[in-house]
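Novice: I am sharing entry_20.pdb, which consists of PDB, C-alpha atoms, pLDDT in the B column:
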ATOM      1  CA  MET A   1      -3.447   8.248   3.583  1.00 84.00           C
ATOM      2  CA  ILE A   2      -1.785   4.972   4.441  1.00 90.00           C
ATOM      3  CA  LYS A   3       0.894   4.084   1.883  1.00 93.00           C
ATOM      4  CA  LEU A   4       2.203   0.754   0.647  1.00 94.00           C
ATOM      5  CA  ASN A   5       5.627  -0.385   1.859  1.00 95.00           C
ATOM      6  CA  HIS A   6       5.628   2.149   4.705  1.00 96.00           C
ATOM      7  CA  ILE A   7       5.938   0.925   8.296  1.00 96.00           C
ATOM      8  CA  TYR A   8       3.551   2.513  10.800  1.00 96.00           C
ATOM      9  CA  GLY A   9       3.639   2.446  14.583  1.00 95.00           C
ATOM     10  CA  THR A  10       0.381   1.768  16.417  1.00 94.00           C
ATOM     11  CA  LYS A  11      -0.984   2.948  19.753  1.00 94.00           C
ATOM     12  CA  ASN A  12      -0.567  -0.602  21.085  1.00 90.00           C
ATOM     13  CA  ASP A  13       3.253  -0.463  20.681  1.00 91.00           C
ATOM     14  CA  TYR A  14       3.670  -2.640  17.615  1.00 92.00           C
ATOM     15  CA  TYR A  15       4.241  -1.971  13.931  1.00 96.00           C
ATOM     16  CA  ILE A  16       2.282  -2.713  10.753  1.00 96.00           C
ATOM     17  CA  VAL A  17       3.082  -2.631   7.061  1.00 97.00           C
ATOM     18  CA  ILE A  18       0.967  -3.116   3.919  1.00 97.00           C
ATOM     19  CA  ILE A  19       2.625  -4.791   0.955  1.00 97.00           C
ATOM     20  CA  ARG A  20       1.298  -6.121  -2.343  1.00 96.00           C
ATOM     21  CA  HIS A  21       2.126  -9.716  -3.152  1.00 94.00           C
ATOM     22  CA  PRO A  22       3.411  -9.767  -6.745  1.00 94.00           C
ATOM     23  CA  LYS A  23       2.151 -13.252  -7.617  1.00 93.00           C
ATOM     24  CA  SER A  24      -1.298 -13.321  -6.036  1.00 93.00           C
ATOM     25  CA  LYS A  25      -1.993  -9.569  -6.490  1.00 94.00           C
ATOM     26  CA  LEU A  26      -3.330  -9.403  -2.927  1.00 96.00           C
ATOM     27  CA  TYR A  27      -2.604  -6.622  -0.455  1.00 97.00           C
ATOM     28  CA  GLU A  28      -1.210  -8.070   2.767  1.00 97.00           C
ATOM     29  CA  LEU A  29      -1.197  -6.470   6.205  1.00 97.00           C
ATOM     30  CA  HIS A  30       1.628  -7.675   8.453  1.00 97.00           C
ATOM     31  CA  ARG A  31       2.267  -6.709  12.062  1.00 95.00           C
ATOM     32  CA  SER A  32       5.065  -7.259  14.534  1.00 95.00           C
ATOM     33  CA  VAL A  33       6.256  -6.034  17.896  1.00 94.00           C
ATOM     34  CA  TRP A  34       9.763  -5.549  16.482  1.00 94.00           C
ATOM     35  CA  LEU A  35      10.443  -3.070  13.699  1.00 93.00           C
ATOM     36  CA  HIS A  36      13.294  -5.088  12.204  1.00 92.00           C
ATOM     37  CA  ASN A  37      10.913  -7.983  11.453  1.00 92.00           C
ATOM     38  CA  LEU A  38       8.979  -5.809   8.993  1.00 94.00           C
ATOM     39  CA  GLN A  39      11.893  -4.164   7.200  1.00 94.00           C
ATOM     40  CA  ASP A  40      12.663  -7.121   4.911  1.00 93.00           C
ATOM     41  CA  PHE A  41       9.714  -7.230   2.505  1.00 93.00           C
ATOM     42  CA  ASP A  42      11.067 -10.260   0.608  1.00 93.00           C
ATOM     43  CA  TYR A  43      11.100 -12.251   3.839  1.00 93.00           C
ATOM     44  CA  LEU A  44       7.514 -11.190   4.607  1.00 94.00           C
ATOM     45  CA  LEU A  45       6.305 -12.256   1.172  1.00 92.00           C
ATOM     46  CA  LYS A  46       8.078 -15.629   1.215  1.00 92.00           C
ATOM     47  CA  GLU A  47       7.979 -16.794   4.831  1.00 93.00           C
ATOM     48  CA  CYS A  48       5.331 -14.976   6.862  1.00 94.00           C
ATOM     49  CA  ILE A  49       1.593 -15.336   7.103  1.00 95.00           C
ATOM     50  CA  PRO A  50      -0.165 -11.956   6.905  1.00 96.00           C
ATOM     51  CA  LEU A  51      -2.607 -10.720   9.515  1.00 94.00           C
ATOM     52  CA  PHE A  52      -5.058  -9.787   6.728  1.00 94.00           C
ATOM     53  CA  ALA A  53      -5.029 -10.215   2.934  1.00 96.00           C
ATOM     54  CA  PHE A  54      -7.412  -8.332   0.661  1.00 96.00           C
ATOM     55  CA  GLY A  55      -7.902  -7.925  -3.069  1.00 96.00           C
ATOM     56  CA  ASN A  56      -8.910  -4.307  -2.627  1.00 96.00           C
ATOM     57  CA  LEU A  57      -6.509  -1.641  -1.364  1.00 95.00           C
ATOM     58  CA  SER A  58      -9.246   0.445   0.247  1.00 96.00           C
ATOM     59  CA  ASP A  59     -10.296  -2.491   2.445  1.00 95.00           C
ATOM     60  CA  VAL A  60      -6.807  -3.115   3.777  1.00 96.00           C
ATOM     61  CA  ARG A  61      -6.338   0.625   4.427  1.00 96.00           C
ATOM     62  CA  TYR A  62      -9.590   0.668   6.424  1.00 96.00           C
ATOM     63  CA  TYR A  63      -8.352  -2.101   8.737  1.00 95.00           C
ATOM     64  CA  ALA A  64      -4.879  -0.545   8.952  1.00 95.00           C
ATOM     65  CA  ARG A  65      -6.420   2.739  10.165  1.00 96.00           C
ATOM     66  CA  LYS A  66      -8.381   0.852  12.814  1.00 95.00           C
ATOM     67  CA  ILE A  67      -5.255  -0.972  14.001  1.00 94.00           C
ATOM     68  CA  ILE A  68      -3.190   2.238  14.090  1.00 94.00           C
ATOM     69  CA  ASP A  69      -5.896   3.849  16.231  1.00 94.00           C
ATOM     70  CA  GLY A  70      -5.613   1.021  18.755  1.00 90.00           C
ATOM     71  CA  GLU A  71      -8.462  -1.337  17.876  1.00 85.00           C
ATOM     72  CA  ASP A  72      -7.573  -5.029  17.886  1.00 72.00           C
ATOM     73  CA  PHE A  73      -9.052  -7.774  15.705  1.00 66.00           C
TER      74      PHE A  73
END
Please render this file's structure as structure tokens.
Specialist:
Amino acid sequence: MIKLNHIYGTKNDYYIVIIRHPKSKLYELHRSVWLHNLQDFDYLLKECIPLFAFGNLSDVRYYARKIIDGEDF
């Protein structure tokens, strides 16, 4: 199962993380080529635009699994 606040490596040599935005209550999927860009969750929430944002955790996990397996959107 894909967990919140855990950074995953993908087959396409970049990293993704799923975090929950405390104000909007949305689950955000962020990706980056560099691991250090995803380690500061406060920076991601304040400054970065997510790749995907969903209200349902199961939806964001579905897309995260696809991205980890190498599919691109």
Novice: Could you tell me which of A:Leu35, A:Pro22, A:Gly55, A:Glu28 comes closest to Thr10 of chain A if we count all atoms listed in the file?
Specialist: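 Among A:Leu35, A:Pro22, A:Gly55, A:Glu28, it is A:Leu35 that comes nearest to Thr10 of chain A.
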Novice: Determine the nearest neighbour of Ala64 of chain A from the options A:Asp13, A:Leu29, A:His36, A:Asn5, counting only C-alpha atoms.
Specialist: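 That would be A:Leu29, the residue with the smallest distance to Ala64 of chain A.
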Novice: Would you mind telling me which residue in A:Leu38, A:Ile67, A:Leu51, A:Leu44 lies nearest to His21 of chain A when using all atoms listed in the file?
Specialist: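 Among the listed residues, A:Leu44 lies closest to His21 of chain A.
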Novice: Name the residues that the PyMOL selection byres ((chain A and resi 4) around 12) pulls out of this structure, and write them as a ChimeraX atom specification.
Specialist: /A:1-3,5-8,16-21,27-30,41,57-58,60-61,64
Novice: Just the number, please: distance in Å from atom CA of Asn56 of chain A to atom CA of Trp34 of chain A, one decimal.
Specialist: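 Between atom CA of Asn56 of chain A and atom CA of Trp34 of chain A the gap is 26.7 Å.
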Novice: Atom CA of Asp72 of chain A and atom CA of Glu47 of chain A are how many Å apart?
Specialist: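 These two atoms are separated by 23.5 Å.
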Novice: Would you fill the gaps in segment 11-34 of chain A so it has N, CA, C and O atoms, then print it as an mmCIF file, keeping the file's coordinate frame?
Specialist:
data_model
loop_
_atom_site.group_PDB
_atom_site.id
_atom_site.type_symbol
_atom_site.label_atom_id
_atom_site.label_comp_id
_atom_site.auth_asym_id
_atom_site.auth_seq_id
_atom_site.Cartn_x
_atom_site.Cartn_y
_atom_site.Cartn_z
ATOM 1 N N LYS A 11 -0.831 2.534 18.354
ATOM 2 C CA LYS A 11 -0.984 2.948 19.753
ATOM 3 C C LYS A 11 -0.730 1.803 20.721
ATOM 4 O O LYS A 11 -0.489 2.020 21.889
ATOM 5 N N ASN A 12 -0.792 0.570 20.236
ATOM 6 C CA ASN A 12 -0.567 -0.602 21.085
ATOM 7 C C ASN A 12 0.883 -1.072 21.064
ATOM 8 O O ASN A 12 1.172 -2.218 21.384
ATOM 9 N N ASP A 13 1.806 -0.195 20.655
ATOM 10 C CA ASP A 13 3.253 -0.463 20.681
ATOM 11 C C ASP A 13 3.695 -1.623 19.789
ATOM 12 O O ASP A 13 4.562 -2.408 20.161
ATOM 13 N N TYR A 14 3.099 -1.760 18.619
ATOM 14 C CA TYR A 14 3.670 -2.640 17.615
ATOM 15 C C TYR A 14 3.591 -1.940 16.274
ATOM 16 O O TYR A 14 3.116 -0.819 16.162
ATOM 17 N N TYR A 15 4.104 -2.586 15.245
ATOM 18 C CA TYR A 15 4.241 -1.971 13.931
ATOM 19 C C TYR A 15 3.457 -2.759 12.895
ATOM 20 O O TYR A 15 3.305 -3.977 13.016
ATOM 21 N N ILE A 16 2.977 -2.057 11.858
ATOM 22 C CA ILE A 16 2.282 -2.713 10.753
ATOM 23 C C ILE A 16 2.843 -2.196 9.435
ATOM 24 O O ILE A 16 3.407 -1.099 9.361
ATOM 25 N N VAL A 17 2.686 -3.010 8.410
ATOM 26 C CA VAL A 17 3.082 -2.631 7.061
ATOM 27 C C VAL A 17 2.103 -3.285 6.082
ATOM 28 O O VAL A 17 1.602 -4.377 6.333
ATOM 29 N N ILE A 18 1.815 -2.578 4.989
ATOM 30 C CA ILE A 18 0.967 -3.116 3.919
ATOM 31 C C ILE A 18 1.854 -3.301 2.696
ATOM 32 O O ILE A 18 2.526 -2.366 2.268
ATOM 33 N N ILE A 19 1.870 -4.513 2.171
ATOM 34 C CA ILE A 19 2.625 -4.791 0.955
ATOM 35 C C ILE A 19 1.726 -5.524 -0.032
ATOM 36 O O ILE A 19 0.736 -6.133 0.362
ATOM 37 N N ARG A 20 2.066 -5.433 -1.307
ATOM 38 C CA ARG A 20 1.298 -6.121 -2.343
ATOM 39 C C ARG A 20 2.092 -7.330 -2.800
ATOM 40 O O ARG A 20 3.248 -7.217 -3.213
ATOM 41 N N HIS A 21 1.471 -8.481 -2.730
ATOM 42 C CA HIS A 21 2.126 -9.716 -3.152
ATOM 43 C C HIS A 21 2.149 -9.746 -4.674
ATOM 44 O O HIS A 21 1.110 -9.666 -5.320
ATOM 45 N N PRO A 22 3.327 -9.865 -5.280
ATOM 46 C CA PRO A 22 3.411 -9.767 -6.745
ATOM 47 C C PRO A 22 2.764 -10.925 -7.498
ATOM 48 O O PRO A 22 2.283 -10.731 -8.611
ATOM 49 N N LYS A 23 2.722 -12.099 -6.912
ATOM 50 C CA LYS A 23 2.151 -13.252 -7.617
ATOM 51 C C LYS A 23 0.638 -13.332 -7.473
ATOM 52 O O LYS A 23 -0.071 -13.569 -8.438
ATOM 53 N N SER A 24 0.140 -13.163 -6.266
ATOM 54 C CA SER A 24 -1.298 -13.321 -6.036
ATOM 55 C C SER A 24 -2.073 -12.025 -6.223
ATOM 56 O O SER A 24 -3.298 -12.045 -6.251
ATOM 57 N N LYS A 25 -1.379 -10.884 -6.316
ATOM 58 C CA LYS A 25 -1.993 -9.569 -6.490
ATOM 59 C C LYS A 25 -2.869 -9.172 -5.300
ATOM 60 O O LYS A 25 -3.774 -8.368 -5.422
ATOM 61 N N LEU A 26 -2.608 -9.760 -4.138
ATOM 62 C CA LEU A 26 -3.330 -9.403 -2.927
ATOM 63 C C LEU A 26 -2.526 -8.398 -2.117
ATOM 64 O O LEU A 26 -1.297 -8.391 -2.149
ATOM 65 N N TYR A 27 -3.232 -7.557 -1.377
ATOM 66 C CA TYR A 27 -2.604 -6.622 -0.455
ATOM 67 C C TYR A 27 -2.578 -7.280 0.921
ATOM 68 O O TYR A 27 -3.612 -7.710 1.428
ATOM 69 N N GLU A 28 -1.391 -7.376 1.500
ATOM 70 C CA GLU A 28 -1.210 -8.070 2.767
ATOM 71 C C GLU A 28 -0.878 -7.069 3.866
ATOM 72 O O GLU A 28 -0.084 -6.158 3.667
ATOM 73 N N LEU A 29 -1.466 -7.285 5.026
ATOM 74 C CA LEU A 29 -1.197 -6.470 6.205
ATOM 75 C C LEU A 29 -0.436 -7.347 7.194
ATOM 76 O O LEU A 29 -0.941 -8.375 7.639
ATOM 77 N N HIS A 30 0.781 -6.951 7.503
ATOM 78 C CA HIS A 30 1.628 -7.675 8.453
ATOM 79 C C HIS A 30 1.827 -6.814 9.684
ATOM 80 O O HIS A 30 1.878 -5.594 9.592
ATOM 81 N N ARG A 31 1.962 -7.455 10.840
ATOM 82 C CA ARG A 31 2.267 -6.709 12.062
ATOM 83 C C ARG A 31 3.306 -7.455 12.878
ATOM 84 O O ARG A 31 3.442 -8.677 12.782
ATOM 85 N N SER A 32 4.028 -6.688 13.688
ATOM 86 C CA SER A 32 5.065 -7.259 14.534
ATOM 87 C C SER A 32 5.349 -6.300 15.681
ATOM 88 O O SER A 32 5.143 -5.093 15.562
ATOM 89 N N VAL A 33 5.851 -6.849 16.762
ATOM 90 C CA VAL A 33 6.256 -6.034 17.896
ATOM 91 C C VAL A 33 7.610 -5.381 17.599
ATOM 92 O O VAL A 33 7.894 -4.294 18.071
ATOM 93 N N TRP A 34 8.430 -6.037 16.788
ATOM 94 C CA TRP A 34 9.763 -5.549 16.482
ATOM 95 C C TRP A 34 9.804 -4.967 15.075
ATOM 96 O O TRP A 34 9.405 -5.591 14.098
#
